[in-house]
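Source file: upload-v2.txt; contents: compact mmCIF, C-alpha atoms.
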# COMPACT_ATOMS: atom_id res chain seq x y z
CA MET W 1 40.39 57.19 126.94
CA GLN W 2 40.07 60.70 125.54
CA THR W 3 39.21 63.40 128.09
CA ASN W 4 38.15 67.03 127.75
CA PHE W 5 38.90 68.73 131.04
CA THR W 6 39.55 72.46 130.77
CA LEU W 7 42.83 74.03 131.82
CA ALA W 8 41.01 75.61 134.76
CA GLN W 9 39.77 72.21 135.87
CA LEU W 10 43.23 70.68 135.53
CA ALA W 11 44.55 73.28 137.95
CA ASP W 12 42.68 71.29 140.62
CA PRO W 13 45.11 68.50 141.68
CA ASP W 14 42.25 66.04 142.24
CA LEU W 15 40.80 66.59 138.77
CA ALA W 16 44.29 66.45 137.28
CA GLU W 17 44.74 63.04 138.93
CA ALA W 18 41.32 61.91 137.68
CA ASN W 19 42.31 62.98 134.17
CA LYS W 20 45.50 60.93 134.40
CA ILE W 21 43.60 57.86 135.58
CA LEU W 22 40.90 58.19 132.93
CA ARG W 23 43.39 58.58 130.10
CA ALA W 24 45.07 55.31 131.12
CA CYS W 25 41.86 53.36 130.41
CA VAL W 26 41.78 51.71 126.95
CA HIS W 27 38.17 50.42 127.11
CA CYS W 28 39.35 46.78 126.95
CA GLY W 29 36.74 45.45 129.36
CA PHE W 30 39.01 42.87 131.00
CA CYS W 31 37.89 44.32 134.34
CA THR W 32 34.31 43.16 133.85
CA ALA W 33 35.41 39.53 134.06
CA THR W 34 36.44 39.91 137.70
CA CYS W 35 33.91 42.50 138.91
CA PRO W 36 31.51 40.91 141.43
CA THR W 37 28.57 43.20 140.69
CA TYR W 38 28.93 42.75 136.94
CA LEU W 39 28.99 38.98 137.44
CA LEU W 40 25.78 39.18 139.49
CA LEU W 41 23.87 41.80 137.53
CA GLY W 42 25.30 41.69 134.00
CA ASP W 43 24.88 45.46 133.61
CA GLU W 44 27.71 47.40 131.95
CA LEU W 45 27.11 50.27 134.36
CA ASP W 46 27.63 47.88 137.28
CA GLY W 47 31.13 47.06 136.08
CA PRO W 48 34.30 49.15 136.36
CA ARG W 49 34.31 50.30 132.74
CA GLY W 50 30.74 51.55 132.97
CA ARG W 51 31.39 53.28 136.27
CA ILE W 52 34.50 54.93 134.81
CA TYR W 53 32.35 56.42 132.04
CA LEU W 54 29.81 57.68 134.56
CA ILE W 55 32.50 59.29 136.72
CA LYS W 56 34.21 60.81 133.66
CA ASP W 57 30.98 62.41 132.48
CA MET W 58 30.18 63.71 135.95
CA LEU W 59 33.62 65.18 136.75
CA GLU W 60 34.41 66.44 133.26
CA GLY W 61 31.14 68.30 132.98
CA GLY W 62 31.26 69.55 136.55
CA LYS W 63 27.77 68.11 136.92
CA PRO W 64 25.91 67.30 140.12
CA ALA W 65 25.56 63.56 140.60
CA THR W 66 22.31 62.06 139.33
CA GLU W 67 20.29 59.28 140.91
CA LYS W 68 21.48 56.94 138.14
CA VAL W 69 25.13 57.67 138.83
CA VAL W 70 24.64 57.31 142.58
CA THR W 71 22.91 53.95 142.17
CA HIS W 72 25.74 52.40 140.18
CA ILE W 73 28.59 53.93 142.18
CA ASP W 74 26.94 52.88 145.46
CA ARG W 75 26.81 49.30 144.18
CA CYS W 76 30.60 49.22 143.75
CA LEU W 77 32.26 47.21 146.53
CA SER W 78 35.67 48.88 146.05
CA CYS W 79 37.04 45.33 146.10
CA LEU W 80 39.67 46.47 143.55
CA ALA W 81 39.70 43.17 141.66
CA CYS W 82 39.52 45.35 138.54
CA MET W 83 42.89 46.87 139.41
CA THR W 84 44.51 43.45 139.61
CA THR W 85 42.99 42.52 136.24
CA CYS W 86 43.63 45.79 134.38
CA PRO W 87 46.53 45.49 131.89
CA SER W 88 46.83 49.30 131.65
CA GLY W 89 47.30 50.06 135.34
CA VAL W 90 44.15 52.17 135.76
CA HIS W 91 44.04 53.28 139.41
CA TYR W 92 40.32 52.74 139.84
CA MET W 93 40.48 53.07 143.65
CA HIS W 94 41.48 56.74 143.55
CA LEU W 95 38.95 57.49 140.81
CA VAL W 96 35.93 55.91 142.47
CA ASP W 97 36.81 57.50 145.81
CA GLN W 98 36.91 60.90 144.12
CA GLY W 99 33.57 60.12 142.50
CA ARG W 100 32.10 59.35 145.92
CA VAL W 101 33.30 62.65 147.33
CA HIS W 102 31.67 64.46 144.39
CA ILE W 103 28.43 62.58 145.03
CA GLU W 104 28.37 63.58 148.68
CA GLU W 105 29.03 67.21 147.75
CA THR W 106 26.44 67.50 144.97
CA TYR W 107 23.68 64.92 145.55
CA ARG W 108 21.02 65.09 148.24
CA ARG W 109 20.08 61.60 149.31
CA PRO W 110 16.69 60.75 150.82
CA TRP W 111 16.61 61.62 154.52
CA HIS W 112 16.67 58.02 155.71
CA GLU W 113 19.80 57.26 153.66
CA ARG W 114 21.53 60.37 154.98
CA TRP W 115 20.61 59.35 158.52
CA LEU W 116 21.87 55.78 158.06
CA ARG W 117 25.16 56.81 156.49
CA ARG W 118 25.82 59.40 159.18
CA LEU W 119 25.01 56.83 161.84
CA LEU W 120 27.49 54.36 160.40
CA ALA W 121 30.18 57.02 160.02
CA ARG W 122 29.71 58.04 163.64
CA VAL W 123 29.23 54.69 165.37
CA LEU W 124 31.51 52.19 163.63
CA PRO W 125 34.80 54.10 164.13
CA SER W 126 34.12 54.32 167.89
CA PRO W 127 34.39 51.03 169.81
CA ALA W 128 32.48 52.54 172.75
CA LEU W 129 29.57 53.75 170.61
CA PHE W 130 29.59 50.50 168.66
CA ARG W 131 29.23 48.47 171.85
CA LEU W 132 26.28 50.64 172.92
CA ALA W 133 24.71 50.32 169.47
CA MET W 134 24.97 46.54 169.64
CA VAL W 135 23.16 46.52 172.98
CA GLY W 136 20.38 48.61 171.42
CA ALA W 137 20.27 46.33 168.40
CA ARG W 138 19.76 43.29 170.63
CA LEU W 139 16.76 44.97 172.25
CA ALA W 140 15.31 45.74 168.82
CA ARG W 141 15.93 42.30 167.28
CA PRO W 142 12.34 41.06 167.81
CA LEU W 143 11.23 43.86 165.48
CA ALA W 144 13.73 42.97 162.74
CA ILE W 145 11.11 41.30 160.55
CA LEU W 146 9.26 44.63 160.33
CA MET W 147 12.36 46.60 159.31
CA PRO W 148 13.48 47.49 155.76
CA GLY W 149 16.42 45.53 154.37
CA ARG W 150 19.23 47.80 155.50
CA LEU W 151 18.05 48.10 159.09
CA ARG W 152 17.31 44.39 159.16
CA ALA W 153 20.91 43.73 158.08
CA MET W 154 22.20 45.94 160.88
CA LEU W 155 20.04 44.20 163.47
CA GLY W 156 21.36 40.89 162.17
CA MET W 157 24.76 41.78 163.63
CA ALA W 158 23.20 41.83 167.11
CA SER W 159 23.63 38.08 167.43
CA MET W 160 27.41 38.51 167.53
CA PRO W 161 29.09 38.66 170.96
CA VAL W 162 30.52 42.05 171.90
CA HIS W 163 33.52 42.20 174.21
CA ALA W 164 34.56 44.64 176.91
CA PRO W 165 37.60 46.83 176.24
CA SER W 166 40.86 44.89 176.30
CA SER W 167 43.83 46.13 178.28
CA ASP W 168 46.02 45.21 175.29
CA ASP W 169 44.42 48.01 173.24
CA ARG W 170 45.47 50.83 175.58
CA PRO W 171 48.44 53.08 174.75
CA GLN W 172 51.54 51.26 176.06
CA VAL W 173 54.73 49.49 175.06
CA PHE W 174 55.08 45.68 175.03
CA PRO W 175 58.74 44.67 175.35
CA ALA W 176 60.29 42.22 172.94
CA GLY W 177 60.83 38.69 174.10
CA GLY W 178 64.61 38.24 174.07
CA ALA W 179 66.83 40.39 171.86
CA ARG W 180 64.91 43.14 170.09
CA ARG W 181 64.81 42.73 166.31
CA LYS W 182 62.25 45.40 165.43
CA ARG W 183 60.32 48.22 167.05
CA VAL W 184 56.81 48.43 165.58
CA ALA W 185 53.55 50.28 166.19
CA LEU W 186 50.24 48.40 166.06
CA LEU W 187 46.99 49.89 164.77
CA THR W 188 44.35 48.39 167.09
CA GLY W 189 41.35 49.23 164.89
CA CYS W 190 37.72 50.06 165.63
CA VAL W 191 35.01 47.40 165.22
CA GLN W 192 37.64 44.69 165.67
CA ARG W 193 38.31 45.89 169.23
CA ALA W 194 34.66 45.25 170.14
CA LEU W 195 33.97 42.08 168.14
CA ALA W 196 37.32 40.27 168.28
CA PRO W 197 39.86 41.82 170.71
CA GLU W 198 41.66 38.49 170.71
CA ILE W 199 43.11 39.38 167.29
CA ASN W 200 45.14 42.26 168.71
CA SER W 201 46.19 40.17 171.70
CA ALA W 202 47.37 37.37 169.40
CA THR W 203 49.22 39.92 167.25
CA VAL W 204 51.05 41.36 170.26
CA ARG W 205 52.01 37.89 171.53
CA LEU W 206 53.21 36.78 168.09
CA LEU W 207 55.29 39.90 167.49
CA THR W 208 56.90 40.02 170.94
CA ARG W 209 57.63 36.28 170.76
CA HIS W 210 59.53 36.98 167.52
CA GLY W 211 61.63 39.80 168.94
CA CYS W 212 59.49 42.89 168.32
CA GLU W 213 58.88 45.73 170.73
CA VAL W 214 55.24 46.66 170.11
CA VAL W 215 53.96 50.20 170.65
CA ILE W 216 50.31 51.19 170.98
CA ALA W 217 50.76 54.90 170.30
CA GLU W 218 48.80 57.56 172.16
CA GLY W 219 46.35 59.43 169.93
CA VAL W 220 45.87 56.80 167.23
CA GLY W 221 42.25 56.09 166.33
CA CYS W 222 40.20 55.04 163.33
CA CYS W 223 42.21 54.78 160.10
CA GLY W 224 39.57 56.85 158.30
CA ALA W 225 38.66 54.26 155.67
CA LEU W 226 35.00 54.00 156.60
CA ALA W 227 34.33 57.75 156.27
CA HIS W 228 36.55 57.91 153.18
CA HIS W 229 34.58 55.27 151.29
CA LEU W 230 31.31 56.95 152.28
CA GLY W 231 32.58 60.14 150.64
CA HIS W 232 32.91 61.97 153.99
CA GLU W 233 36.32 63.34 153.14
CA HIS W 234 36.55 65.96 155.89
CA ASP W 235 36.03 63.35 158.61
CA ALA W 236 38.34 60.88 156.90
CA LEU W 237 41.21 63.34 156.60
CA ALA W 238 40.78 64.38 160.23
CA SER W 239 41.39 60.74 161.22
CA VAL W 240 44.33 60.49 158.83
CA ARG W 241 46.01 63.60 160.26
CA ALA W 242 45.48 62.44 163.85
CA ASN W 243 47.17 59.12 163.12
CA VAL W 244 49.99 60.70 161.13
CA ARG W 245 50.62 63.09 164.03
CA ALA W 246 50.73 60.26 166.59
CA TRP W 247 52.93 57.89 164.59
CA SER W 248 55.23 60.68 163.43
CA ALA W 249 55.84 61.63 167.06
CA GLU W 250 56.73 58.01 167.81
CA ILE W 251 59.05 57.83 164.80
CA GLU W 252 60.82 61.03 165.90
CA ARG W 253 60.98 59.97 169.54
CA ARG W 254 62.40 56.45 169.33
CA GLY W 255 61.92 55.27 165.76
CA LEU W 256 59.62 52.67 164.20
CA ASP W 257 60.64 49.93 161.81
CA ALA W 258 57.03 49.31 160.79
CA ILE W 259 53.44 50.29 161.47
CA VAL W 260 51.66 46.95 161.69
CA VAL W 261 48.04 46.60 160.61
CA ASN W 262 46.08 43.37 161.15
CA ALA W 263 42.84 44.46 159.42
CA SER W 264 43.64 44.57 155.73
CA GLY W 265 40.97 47.16 154.91
CA CYS W 266 42.71 49.52 157.33
CA GLY W 267 46.10 48.57 155.90
CA THR W 268 45.12 49.61 152.40
CA MET W 269 44.01 52.97 153.78
CA VAL W 270 47.14 53.62 155.84
CA LYS W 271 49.36 52.74 152.90
CA ASP W 272 47.49 55.45 150.96
CA TYR W 273 48.00 58.25 153.52
CA GLY W 274 50.82 59.72 151.46
CA TYR W 275 48.54 60.03 148.44
CA LEU W 276 45.64 61.44 150.42
CA LEU W 277 47.74 64.26 151.89
CA ARG W 278 49.97 64.75 148.84
CA SER W 279 48.74 68.32 148.25
CA ASP W 280 49.06 69.47 151.86
CA PRO W 281 52.52 70.98 152.40
CA GLU W 282 52.21 70.75 156.18
CA TRP W 283 51.41 67.03 156.21
CA LYS W 284 52.57 65.40 152.98
CA ASP W 285 56.11 64.44 154.07
CA ARG W 286 55.00 62.95 157.39
CA ALA W 287 52.11 61.14 155.71
CA ALA W 288 54.44 59.69 153.08
CA THR W 289 56.77 58.46 155.83
CA VAL W 290 53.89 56.79 157.68
CA SER W 291 52.67 55.11 154.49
CA SER W 292 56.16 53.85 153.69
CA ARG W 293 56.31 52.08 157.07
CA ALA W 294 52.81 50.55 156.96
CA ARG W 295 52.84 46.74 156.74
CA ASP W 296 50.27 44.00 157.00
CA ILE W 297 51.06 41.65 159.87
CA SER W 298 51.76 38.86 157.36
CA GLU W 299 54.41 41.00 155.64
CA VAL W 300 56.19 41.65 158.93
CA MET W 301 56.07 38.00 159.95
CA ALA W 302 57.39 36.95 156.54
CA GLU W 303 60.36 39.28 157.09
CA LEU W 304 60.97 37.94 160.60
CA GLY W 305 60.50 34.29 159.70
CA LEU W 306 58.12 32.12 161.71
CA ALA W 307 59.60 30.28 164.68
CA ARG W 308 59.41 26.51 164.72
CA PRO W 309 55.88 25.43 165.75
CA THR W 310 55.63 24.28 169.35
CA ARG W 311 52.59 22.07 168.77
CA THR W 312 51.34 19.72 166.09
CA THR W 313 48.68 21.37 163.96
CA GLY W 314 47.87 19.73 160.62
CA GLN W 315 44.28 20.97 160.27
CA VAL W 316 43.09 21.80 156.76
CA VAL W 317 42.77 25.58 156.43
CA ALA W 318 40.83 27.29 153.66
CA TYR W 319 42.60 30.61 153.20
CA HIS W 320 40.27 33.41 152.15
CA SER W 321 42.33 36.23 150.69
CA ALA W 322 40.62 39.50 151.63
CA CYS W 323 40.17 41.83 148.66
CA SER W 324 41.91 44.69 150.45
CA LEU W 325 44.94 42.43 150.98
CA GLN W 326 45.23 40.68 147.62
CA HIS W 327 44.01 43.53 145.38
CA GLY W 328 44.52 46.64 147.50
CA GLN W 329 47.95 45.77 148.91
CA ARG W 330 49.05 43.03 146.49
CA VAL W 331 49.88 40.77 149.44
CA ARG W 332 48.94 37.27 148.30
CA ASP W 333 51.45 34.55 149.12
CA GLU W 334 52.82 35.56 152.53
CA PRO W 335 49.83 34.44 154.63
CA LYS W 336 49.65 31.05 152.90
CA ARG W 337 53.39 30.44 153.28
CA LEU W 338 53.22 31.34 156.96
CA LEU W 339 50.28 29.02 157.59
CA ALA W 340 52.08 26.20 155.80
CA ALA W 341 55.22 26.87 157.87
CA ALA W 342 53.02 26.62 160.99
CA GLY W 343 52.04 23.09 159.94
CA PHE W 344 48.57 23.67 158.52
CA GLY W 345 47.35 22.14 155.27
CA VAL W 346 46.49 25.23 153.24
CA ARG W 347 43.88 25.11 150.49
CA ASP W 348 43.02 27.91 148.10
CA VAL W 349 39.36 28.84 147.78
CA PRO W 350 37.91 28.53 144.26
CA GLU W 351 37.03 31.89 142.73
CA GLY W 352 39.23 33.41 145.42
CA HIS W 353 39.54 36.74 143.60
CA ILE W 354 35.81 37.48 144.04
CA CYS W 355 34.66 39.51 147.07
CA CYS W 356 32.74 37.90 149.93
CA GLY W 357 30.39 40.90 150.07
CA SER W 358 31.58 42.47 153.31
CA ALA W 359 33.52 45.43 151.88
CA GLY W 360 33.40 47.78 154.87
CA THR W 361 29.80 48.96 155.22
CA TYR W 362 28.66 47.34 151.97
CA ASN W 363 26.86 44.44 153.66
CA LEU W 364 24.86 47.02 155.63
CA LEU W 365 24.15 49.45 152.78
CA GLN W 366 23.67 46.87 150.00
CA PRO W 367 22.46 43.82 151.96
CA ALA W 368 20.81 41.97 149.06
CA LEU W 369 23.92 41.96 146.86
CA ALA W 370 26.16 41.29 149.84
CA GLU W 371 24.09 38.28 150.83
CA ARG W 372 24.34 36.80 147.33
CA LEU W 373 28.10 37.25 147.34
CA GLY W 374 28.35 35.83 150.85
CA ARG W 375 26.47 32.67 149.88
CA ARG W 376 28.63 32.29 146.80
CA LYS W 377 31.82 32.64 148.86
CA VAL W 378 30.70 30.22 151.58
CA GLY W 379 29.78 27.64 148.94
CA HIS W 380 33.27 27.80 147.47
CA ILE W 381 34.88 27.62 150.91
CA GLU W 382 32.86 24.59 151.95
CA SER W 383 33.69 22.85 148.65
CA VAL W 384 37.32 22.38 149.75
CA LYS W 385 36.15 20.75 153.02
CA PRO W 386 38.34 22.66 155.47
CA ASP W 387 38.54 22.31 159.23
CA ILE W 388 39.15 26.05 159.63
CA VAL W 389 38.75 29.21 157.56
CA ALA W 390 41.52 31.80 157.91
CA THR W 391 41.53 35.36 156.65
CA GLY W 392 43.21 38.67 157.43
CA ASN W 393 40.27 41.06 157.76
CA ILE W 394 37.61 41.37 160.45
CA GLY W 395 34.88 42.30 157.95
CA CYS W 396 35.46 39.09 155.99
CA MET W 397 35.43 37.10 159.22
CA VAL W 398 32.02 38.50 160.16
CA GLN W 399 30.56 38.02 156.68
CA ILE W 400 31.75 34.43 156.22
CA SER W 401 30.99 33.23 159.75
CA ARG W 402 27.35 34.21 159.34
CA GLY W 403 26.99 31.64 156.55
CA THR W 404 28.87 28.59 157.78
CA SER W 405 29.44 26.50 160.90
CA ILE W 406 33.15 26.10 160.05
CA PRO W 407 35.17 28.18 162.55
CA VAL W 408 36.51 31.39 161.00
CA VAL W 409 39.66 32.88 162.51
CA HIS W 410 42.24 35.52 161.76
CA THR W 411 45.46 34.20 160.23
CA VAL W 412 47.46 35.70 163.09
CA GLU W 413 45.49 33.68 165.64
CA LEU W 414 46.60 30.43 164.01
CA LEU W 415 50.23 31.57 163.80
CA ASP W 416 50.15 32.57 167.46
CA TRP W 417 48.57 29.26 168.48
CA ALA W 418 51.09 27.22 166.49
CA THR W 419 54.05 28.99 168.08
CA GLY W 420 52.94 28.92 171.71
CA GLY W 421 49.78 30.99 172.14
CA PRO W 422 46.31 29.85 173.23
CA MET W 423 43.88 28.08 170.97
CA PRO W 424 41.74 30.59 169.05
CA SER W 425 38.39 31.11 170.74
CA ALA W 426 36.48 30.11 167.60
CA LEU W 427 38.19 26.70 167.68
CA VAL W 428 37.46 26.34 171.40
CA ARG W 429 33.78 27.02 170.75
CA ALA W 430 33.72 24.58 167.84
CA GLN W 431 35.22 21.81 169.99
CA SER W 432 32.66 22.38 172.73
CA THR W 433 29.65 21.98 170.43

Using structure tokens, write down the structure that the file contains.
Amino acid sequence: MQTNFTLAQLADPDLAEANKILRACVHCGFCTATCPTYLLLGDELDGPRGRIYLIKDMLEGGKPATEKVVTHIDRCLSCLACMTTCPSGVHYMHLVDQGRVHIEETYRRPWHERWLRRLLARVLPSPALFRLAMVGARLARPLAILMPGRLRAMLGMASMPVHAPSSDDRPQVFPAGGARRKRVALLTGCVQRALAPEINSATVRLLTRHGCEVVIAEGVGCCGALAHHLGHEHDALASVRANVRAWSAEIERRGLDAIVVNASGCGTMVKDYGYLLRSDPEWKDRAATVSSRARDISEVMAELGLARPTRTTGQVVAYHSACSLQHGQRVRDEPKRLLAAAGFGVRDVPEGHICCGSAGTYNLLQPALAERLGRRKVGHIESVKPDIVATGNIGCMVQISRGTSIPVVHTVELLDWATGGPMPSALVRAQST
């Protein structure tokens, strides 16, 4: 794609990167075939190629974002299926994130949208505030029918159980079971700690059982992805620097073989820390080191090798590959191989490359499109007639479980159960009904 940035513009490292990304695009349109919003809406501007043109025009001209641009960029899930499809290696993720920052800096949204986005950016990264918000949402549920779509979608989450803080999420060190093979840090997450603390507990048990010393580092908080994808770059980078500081201290103190992430949306973000702080001389080297050690839990377990199962499993598992894992991190086969090694019958989900509609805050900010994608995904999952649905991202778990009675669990919960841990709570509940 031809670009016309001025030399003065190209002195800005972000615009120089945007120029590089734009010039890699050859207009082929392969990306439209795998874009969820293009499949639903059939509008060129709701596909990656159309959005690339909108961002190019906006950044190249130094223009404030228009309502039209905001509408189509907001509809993007950032599922990154287009990056998997693209034969030219266009790094759409970095381009659309830069477009979102430009929108937040130049476009004034209606007051209610500003309020909602600020609320999400404040509440979701804080487990304590999220728990309080869920209590308030339960009280307001009888009024849900009177609410506009976005608030109604938020109140819909109030039916989900919220858990008290888990002792496993506190800063501490869990010793390896037997001879130590690795020393790893675990990112405990945000919403996951309130909705499904059992995921972190299962992760700790699984890792220690396989010879890992597991560190919950002091000072680590939200990965920053939620604020980043809302275009709130100042808040996002504050979270990034806090985590880089905490993990760097742990690396310098006693070393870390890996930084383990069990929410794939967070994993994609942490692996990008080096890019995000690339222009900051004080932070770039430490950020690059942190990113180089970031691993999804399935990657670490594939390196360790799963211990022989201690119980007979055999249930049919539909594996839903989260977009942030298969497209963002290019981790595709490891979870399925691990589940098979644990004795489960693993089935791929038809149209598995298409997003379920969760996408961070997307199901709250774009509830109508998210609901259509959720129904589509659940239909494909149910078509393979599984006993269990497994996935590696809390957002996908929430989105899918709202549309089906099939128990939805994190992959790590099944691996833990197969090798000596307790039965996942979703399976316990399913057996009792």

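One distance worth recording is that between CA of Arg332 (chain W) and CA of Lys271 (chain W), which is 16.1 Å.
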
Counting only C-alpha atoms, the residue among W:Asp74, W:Glu413, W:Asp296, W:Asp14 that lies closest to Tyr362 (chain W) is W:Asp74

Leaving out Gln9 (chain W) and any residue of its chain fewer than 5 positions from it, which residues lie within 9 Å of it when counting all atoms listed in the file, given as a PyMOL selection string? chain W and resi 15-16+60+62

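Here the question is which of W:Cys323, W:Ala287, W:Val349, W:Val398 gets nearest to Thr84 (chain W) using only C-alpha atoms, and that residue is W:Cys323.
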
Residues near region 367-381 of chain W, anyone? I mean within 6 Å using all atoms listed in the file, not counting same-chain ones fewer than 6 positions away, as number ranges by chain. W: 349-350, 356-357

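Using all atoms listed in the file, the shortest contact distance between Arg183 (chain W) and any of W:Pro125, W:Gly255, W:Gly305, W:Pro48 is found at W:Gly255.
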
Have a look at CA of Gly343 (chain W) and CA of Arg193 (chain W) and let me know their distance in Å, one decimal. 28.2 Å

So that I can check the surroundings of region 167-169 of chain W, please list as JSON, numbers by chain every protein, DNA and RNA residue that reaches within 9 Å of it, counting all atoms listed in the file and ignoring chain neighbours fewer than 5 positions away. {"W": [188, 189, 193, 197, 200, 201, 204, 216]}

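Residues lying within 10 Å of (36.1, 24.0, 154.7). Counted over only C-alpha atoms, they are Val316, Val317, Ala318, Tyr319, Arg347, Val349, Val378, Gly379, His380, Ile381, Glu382, Ser383, Val384, Lys385, Pro386, Asp387, Ile388, Val389, Thr404, Ser405, Ile406, Pro407 and Val408 of chain W.
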
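Computed from the coordinates, the CA of Met301 (chain W) to CA of Gly89 (chain W) distance equals 28.8 Å.
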
Residues near Phe174 (chain W), anyone? I mean within 8 Å using all atoms listed in the file, not counting same-chain ones fewer than 2 positions away, as number ranges by chain. W: 172, 176, 204, 208, 213-215

Residue nearest Thr312 (chain W) among W:Thr411, W:Thr289, W:Ser279, W:Thr419 (counting only C-alpha atoms): W:Thr419

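Residues lying within 6 Å of Ser291 (chain W), counting all atoms listed in the file and ignoring same-chain neighbours fewer than 4 positions away, are Val270, Lys271, Tyr273 and Gly274 of chain W.
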